[in-house]
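I have placed the structure first, in the form of structure tokens, so that the comments after it can refer back to it.
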Amino acid sequence: MTEKISAVLLAAGRGTRLKNSTPKAYLSLCKKPILNYSLECLAECDAVSEIIVVIHSDDMELFQKVVPKLVKPMRVVYGGAQRQDSALAGVRAATGTYALVHDAARPLVSRELIERVIEAMKIYGAAIPVIPISDSVKRVYQDHIIADVDRSEFFCAQTPQGFRRDVLLEALERACEGGRYFTDEAGAVLAMKGVQAKAVPGDERNIKITTMADWKLAEYFIALHLRACL
């Protein structure tokens with residue numbers, strides 16, 4: 001029997017650094033709402049059984065205006081004050097044996113990356129896409145550089161991150177109940193003793209849109225993709 005995989009798409013953020021009155025997930029990037037890129041990619045992934053979209057409680061009207069018709073079952077839940085609260089709401093609503101959690105602010109996620117995470121998640125129980133750091137890394141204290149850091153041991157984490165749902169649910173509930181807030185799901189899961197996560201190759205195009213510089217880079221990647229399809 002095939003174990004069900006739920007995809008939790010986090011879209012409750014405000015995106016204040018983009019200085020736009022419209023919440024980030026609903027801004028039009030190359031004539032398509034940012035949210036729809038990830039939503040459509042997850043829906044096209046055969047291994048994903050259902051999609052849980054976590055939105056802000058003020059955004060239902062916006063969501064209903066832009067959301068495309070999908071071939072996969074989709075449910076909407078409201079997020080919380082912090083990203084971790086929103087992730088917990090989405091994972092609680094999921095029904096799969098496994099849960100993939102992805103940020104809607106990463107619209108350029110690919111099916112290939114999703115499938116890499118799923119493959120490793122099924123083997124190891126937890127999988128995180130990462131990319132190596134290319135810049136030199138320094139430790140700074142009181143505005144002074146005090147040491148070099150070996151960058152070979154450090155990577156930048158991306159989403160989607162995949163876990164056995166029961167493990168992720170326990171990790172998020174423990175973290176929220178204890179008032180410990182992590183920047184991603186991996187942080188909460190790795191805080192539990194005895195739990196490990198497999199690092200899988202990420203994708204440099206899978207950027208998180210936070211600033212206008214990120215926005216311009218996303219536009220560039222989309223333009224390159226469209227040219228390659230001609």
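Labels used: A, B, ... for chains in the order of the structure tokens, numbers from 1 for residues in each chain, and numbers from 1 for ligands as shown.
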
So which residues touch A:Asp214 within 12 Å, counting only C-alpha atoms, skipping near sequence neighbours fewer than 2 positions away, as a list in words?
Arg17, Leu18, Leu29, Ala105, Arg106, Pro107, Leu108, Arg205, Asn206, Ile207, Lys208, Ile209, Thr210, Thr211, Met212, Lys216, Leu217, Ala218, Glu219, Tyr220 and Phe221 of chain A

Alpha helix (DSSP H) per DSSP on the backbone: members of stretch 141-206 of chain A, as a ChimeraX atom specification:
/A:165-177,185-190

Could you write out that same residue set with all heavy atoms as a compact mmCIF listing (two decimals), in the first residue's frame?
```txt
# COMPACT_ATOMS: atom_id res chain seq x y z
N ARG A 165 5.14 12.56 9.06
CA ARG A 165 4.24 13.56 9.64
C ARG A 165 4.18 13.46 11.17
O ARG A 165 4.14 14.49 11.86
CB ARG A 165 2.83 13.41 9.06
CG ARG A 165 1.82 14.39 9.65
CD ARG A 165 0.42 14.17 9.11
NE ARG A 165 -0.53 14.94 9.89
CZ ARG A 165 -1.11 14.52 11.01
NH1 ARG A 165 -0.81 13.31 11.49
NH2 ARG A 165 -1.97 15.28 11.67
N ASP A 166 4.18 12.25 11.72
CA ASP A 166 4.07 12.12 13.17
C ASP A 166 5.26 12.74 13.89
O ASP A 166 5.12 13.38 14.93
CB ASP A 166 3.87 10.65 13.58
CG ASP A 166 4.96 9.72 13.06
OD1 ASP A 166 5.79 10.16 12.23
OD2 ASP A 166 4.99 8.54 13.47
N VAL A 167 6.45 12.58 13.30
CA VAL A 167 7.66 13.16 13.89
C VAL A 167 7.61 14.68 13.82
O VAL A 167 7.91 15.38 14.80
CB VAL A 167 8.93 12.63 13.19
CG1 VAL A 167 10.18 13.36 13.67
CG2 VAL A 167 9.06 11.13 13.42
N LEU A 168 7.24 15.21 12.66
CA LEU A 168 7.18 16.66 12.49
C LEU A 168 6.12 17.27 13.39
O LEU A 168 6.34 18.32 14.01
CB LEU A 168 6.89 17.00 11.02
CG LEU A 168 6.75 18.49 10.69
CD1 LEU A 168 7.99 19.26 11.11
CD2 LEU A 168 6.46 18.68 9.21
N LEU A 169 4.97 16.62 13.49
CA LEU A 169 3.90 17.13 14.34
C LEU A 169 4.36 17.22 15.80
O LEU A 169 4.14 18.23 16.48
CB LEU A 169 2.66 16.24 14.22
CG LEU A 169 1.43 16.67 15.04
CD1 LEU A 169 0.96 18.06 14.63
CD2 LEU A 169 0.30 15.65 14.86
N GLU A 170 5.00 16.16 16.27
CA GLU A 170 5.49 16.16 17.66
C GLU A 170 6.52 17.26 17.86
O GLU A 170 6.51 17.96 18.89
CB GLU A 170 6.09 14.80 18.01
CG GLU A 170 6.61 14.72 19.44
CD GLU A 170 7.24 13.39 19.79
OE1 GLU A 170 7.21 12.46 18.94
OE2 GLU A 170 7.79 13.27 20.90
N ALA A 171 7.42 17.42 16.90
CA ALA A 171 8.48 18.42 17.02
C ALA A 171 7.90 19.83 17.08
O ALA A 171 8.31 20.66 17.91
CB ALA A 171 9.44 18.30 15.85
N LEU A 172 6.94 20.13 16.21
CA LEU A 172 6.35 21.46 16.18
C LEU A 172 5.51 21.73 17.43
O LEU A 172 5.54 22.85 17.98
CB LEU A 172 5.49 21.62 14.92
CG LEU A 172 6.26 21.65 13.59
CD1 LEU A 172 5.29 21.64 12.41
CD2 LEU A 172 7.17 22.87 13.52
N GLU A 173 4.79 20.73 17.88
CA GLU A 173 3.98 20.91 19.09
C GLU A 173 4.87 21.14 20.31
O GLU A 173 4.60 22.02 21.13
CB GLU A 173 3.07 19.71 19.31
CG GLU A 173 1.90 19.68 18.32
CD GLU A 173 0.97 18.50 18.54
OE1 GLU A 173 1.43 17.49 19.12
OE2 GLU A 173 -0.20 18.60 18.12
N ARG A 174 5.95 20.37 20.42
CA ARG A 174 6.89 20.55 21.53
C ARG A 174 7.49 21.96 21.49
O ARG A 174 7.60 22.64 22.52
CB ARG A 174 8.02 19.53 21.44
CG ARG A 174 7.69 18.16 21.97
CD ARG A 174 9.00 17.38 22.06
NE ARG A 174 8.81 15.98 22.33
CZ ARG A 174 9.80 15.12 22.52
NH1 ARG A 174 11.05 15.53 22.43
NH2 ARG A 174 9.56 13.84 22.77
N ALA A 175 7.90 22.38 20.31
CA ALA A 175 8.55 23.68 20.17
C ALA A 175 7.59 24.81 20.54
O ALA A 175 7.96 25.73 21.29
CB ALA A 175 9.07 23.86 18.75
N CYS A 176 6.38 24.76 20.01
CA CYS A 176 5.41 25.83 20.29
C CYS A 176 5.01 25.84 21.76
O CYS A 176 4.91 26.91 22.38
CB CYS A 176 4.18 25.66 19.40
SG CYS A 176 4.49 26.05 17.65
N GLU A 177 4.79 24.68 22.33
CA GLU A 177 4.42 24.61 23.75
C GLU A 177 5.54 25.11 24.65
O GLU A 177 5.29 25.71 25.70
CB GLU A 177 4.06 23.17 24.12
CG GLU A 177 2.73 22.69 23.55
CD GLU A 177 2.53 21.20 23.70
OE1 GLU A 177 3.40 20.53 24.32
OE2 GLU A 177 1.52 20.69 23.18
N GLU A 185 11.34 24.01 9.69
CA GLU A 185 10.88 22.76 10.32
C GLU A 185 12.06 21.89 10.76
O GLU A 185 11.99 21.20 11.78
CB GLU A 185 9.99 21.98 9.34
CG GLU A 185 8.65 22.64 9.07
CD GLU A 185 8.80 23.99 8.39
OE1 GLU A 185 9.45 24.06 7.32
OE2 GLU A 185 8.27 24.99 8.93
N ALA A 186 13.14 21.93 10.00
CA ALA A 186 14.31 21.13 10.36
C ALA A 186 14.82 21.50 11.73
O ALA A 186 15.23 20.63 12.52
CB ALA A 186 15.42 21.32 9.31
N GLY A 187 14.81 22.80 12.07
CA GLY A 187 15.27 23.23 13.37
C GLY A 187 14.48 22.60 14.50
O GLY A 187 15.05 22.13 15.49
N ALA A 188 13.15 22.56 14.34
CA ALA A 188 12.29 21.97 15.36
C ALA A 188 12.51 20.46 15.47
O ALA A 188 12.58 19.90 16.56
CB ALA A 188 10.83 22.28 15.06
N VAL A 189 12.65 19.80 14.32
CA VAL A 189 12.82 18.34 14.32
C VAL A 189 14.17 17.95 14.90
O VAL A 189 14.28 17.03 15.72
CB VAL A 189 12.65 17.77 12.90
CG1 VAL A 189 13.09 16.32 12.83
CG2 VAL A 189 11.20 17.91 12.45
N LEU A 190 15.22 18.66 14.52
CA LEU A 190 16.56 18.32 15.00
C LEU A 190 16.75 18.64 16.48
O LEU A 190 17.69 18.14 17.11
CB LEU A 190 17.61 19.05 14.16
CG LEU A 190 17.70 18.61 12.70
CD1 LEU A 190 18.67 19.48 11.93
CD2 LEU A 190 18.08 17.14 12.58
```

So that I can see what lies close to A:Ala157, please list as a short mmCIF file (atom, residue, chain, number, x, y, z; two decimals) with N, CA and C atoms, in the first residue's frame the residues with an atom at most 8 Å from it, counting only C-alpha atoms and leaving out residues fewer than 4 positions away in the same chain.
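Okay, this is what ended up in around.cif:
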```cif
data_model
loop_
_atom_site.label_atom_id
_atom_site.label_comp_id
_atom_site.auth_asym_id
_atom_site.auth_seq_id
_atom_site.Cartn_x
_atom_site.Cartn_y
_atom_site.Cartn_z
N ILE A 128 16.20 17.40 3.89
CA ILE A 128 16.29 18.85 3.76
C ILE A 128 17.13 19.20 2.54
N PRO A 129 16.61 20.00 1.60
CA PRO A 129 17.45 20.44 0.48
C PRO A 129 18.38 21.57 0.92
N VAL A 130 19.63 21.48 0.54
CA VAL A 130 20.62 22.49 0.94
C VAL A 130 21.50 22.85 -0.25
N ILE A 131 22.06 24.06 -0.18
CA ILE A 131 23.05 24.48 -1.18
C ILE A 131 24.29 24.97 -0.44
N GLY A 202 20.10 20.94 -3.11
CA GLY A 202 19.05 21.90 -3.40
C GLY A 202 19.17 22.43 -4.82
#
```

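You will find atom CA of A:Leu35 at 22.0 Å from atom CA of A:Thr95.
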
Could you pull the residues within 9 Å of stretch 109-115 of chain A, counting only C-alpha atoms, minus those fewer than 3 positions along the same chain, as a PDB file with N, CA and C atoms, in the first residue's frame?
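Saved result, out_12.pdb, follows:
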```
ATOM      1  N   TYR A  37       2.698  29.526  -8.517  1.00  0.00           N
ATOM      2  CA  TYR A  37       3.842  28.775  -9.040  1.00  0.00           C
ATOM      3  C   TYR A  37       4.047  27.477  -8.244  1.00  0.00           C
ATOM      4  N   SER A  38       4.163  27.613  -6.931  1.00  0.00           N
ATOM      5  CA  SER A  38       4.388  26.433  -6.085  1.00  0.00           C
ATOM      6  C   SER A  38       3.165  25.528  -6.059  1.00  0.00           C
ATOM      7  N   CYS A  41       3.070  23.475  -9.198  1.00  0.00           N
ATOM      8  CA  CYS A  41       4.171  22.503  -9.240  1.00  0.00           C
ATOM      9  C   CYS A  41       3.880  21.322  -8.320  1.00  0.00           C
ATOM     10  N   LEU A  42       3.396  21.597  -7.118  1.00  0.00           N
ATOM     11  CA  LEU A  42       3.062  20.521  -6.183  1.00  0.00           C
ATOM     12  C   LEU A  42       1.911  19.671  -6.724  1.00  0.00           C
ATOM     13  N   GLU A  44       1.273  19.020  -9.769  1.00  0.00           N
ATOM     14  CA  GLU A  44       1.744  18.205 -10.890  1.00  0.00           C
ATOM     15  C   GLU A  44       2.613  17.034 -10.444  1.00  0.00           C
ATOM     16  N   CYS A  45       2.995  17.010  -9.182  1.00  0.00           N
ATOM     17  CA  CYS A  45       3.858  15.951  -8.664  1.00  0.00           C
ATOM     18  C   CYS A  45       3.005  14.724  -8.329  1.00  0.00           C
ATOM     19  N   ALA A  47       3.516  12.030  -6.720  1.00  0.00           N
ATOM     20  CA  ALA A  47       3.637  11.448  -5.379  1.00  0.00           C
ATOM     21  C   ALA A  47       2.824  12.200  -4.332  1.00  0.00           C
ATOM     22  N   LEU A 100       5.374  17.256   3.383  1.00  0.00           N
ATOM     23  CA  LEU A 100       6.326  18.180   2.770  1.00  0.00           C
ATOM     24  C   LEU A 100       5.882  19.583   3.151  1.00  0.00           C
ATOM     25  N   ARG A 106       8.990  30.772  -2.215  1.00  0.00           N
ATOM     26  CA  ARG A 106       9.961  30.140  -3.126  1.00  0.00           C
ATOM     27  C   ARG A 106       9.192  29.623  -4.346  1.00  0.00           C
ATOM     28  N   ILE A 118      11.436  13.870  -1.647  1.00  0.00           N
ATOM     29  CA  ILE A 118      10.530  12.757  -1.350  1.00  0.00           C
ATOM     30  C   ILE A 118      11.283  11.434  -1.288  1.00  0.00           C
ATOM     31  N   GLU A 119      12.167  11.195  -2.242  1.00  0.00           N
ATOM     32  CA  GLU A 119      12.933   9.947  -2.272  1.00  0.00           C
ATOM     33  C   GLU A 119      13.748   9.767  -0.998  1.00  0.00           C
ATOM     34  N   ALA A 120      14.459  10.827  -0.577  1.00  0.00           N
ATOM     35  CA  ALA A 120      15.282  10.743   0.629  1.00  0.00           C
ATOM     36  C   ALA A 120      14.411  10.670   1.884  1.00  0.00           C
ATOM     37  N   PRO A 129      16.614  20.001   1.602  1.00  0.00           N
ATOM     38  CA  PRO A 129      17.451  20.440   0.480  1.00  0.00           C
ATOM     39  C   PRO A 129      18.376  21.569   0.918  1.00  0.00           C
ATOM     40  N   THR A 159      13.408  24.943   1.088  1.00  0.00           N
ATOM     41  CA  THR A 159      12.206  24.115   1.164  1.00  0.00           C
ATOM     42  C   THR A 159      11.878  23.677  -0.258  1.00  0.00           C
ATOM     43  N   PRO A 160      11.130  22.568  -0.427  1.00  0.00           N
ATOM     44  CA  PRO A 160      10.372  21.850   0.588  1.00  0.00           C
ATOM     45  C   PRO A 160      11.251  20.975   1.472  1.00  0.00           C
ATOM     46  N   GLN A 161      10.848  20.873   2.734  1.00  0.00           N
ATOM     47  CA  GLN A 161      11.478  19.962   3.672  1.00  0.00           C
ATOM     48  C   GLN A 161      10.478  18.846   3.966  1.00  0.00           C
ATOM     49  N   VAL A 200      19.967  16.792   1.059  1.00  0.00           N
ATOM     50  CA  VAL A 200      19.916  16.472  -0.368  1.00  0.00           C
ATOM     51  C   VAL A 200      20.263  17.738  -1.159  1.00  0.00           C
ATOM     52  N   PRO A 201      20.788  17.592  -2.377  1.00  0.00           N
ATOM     53  CA  PRO A 201      21.156  18.771  -3.166  1.00  0.00           C
ATOM     54  C   PRO A 201      19.956  19.662  -3.433  1.00  0.00           C
ATOM     55  N   GLY A 202      20.100  20.937  -3.113  1.00  0.00           N
ATOM     56  CA  GLY A 202      19.049  21.901  -3.396  1.00  0.00           C
ATOM     57  C   GLY A 202      19.171  22.430  -4.816  1.00  0.00           C
ATOM     58  N   ASP A 203      18.598  23.597  -5.049  1.00  0.00           N
ATOM     59  CA  ASP A 203      18.589  24.183  -6.389  1.00  0.00           C
ATOM     60  C   ASP A 203      18.835  25.683  -6.227  1.00  0.00           C
ATOM     61  N   ARG A 205      18.246  28.005  -8.151  1.00  0.00           N
ATOM     62  CA  ARG A 205      17.130  28.818  -8.666  1.00  0.00           C
ATOM     63  C   ARG A 205      15.966  28.883  -7.689  1.00  0.00           C
ATOM     64  N   ASN A 206      15.987  28.014  -6.702  1.00  0.00           N
ATOM     65  CA  ASN A 206      14.883  27.927  -5.740  1.00  0.00           C
ATOM     66  C   ASN A 206      15.049  28.999  -4.655  1.00  0.00           C
ATOM     67  N   ILE A 207      15.073  30.246  -5.074  1.00  0.00           N
ATOM     68  CA  ILE A 207      15.334  31.356  -4.159  1.00  0.00           C
ATOM     69  C   ILE A 207      14.075  31.738  -3.390  1.00  0.00           C
TER      70      ILE A 207
END
```

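Straight-line separation from atom CA of A:His102 to atom CA of A:Ile55: 12.8 Å.
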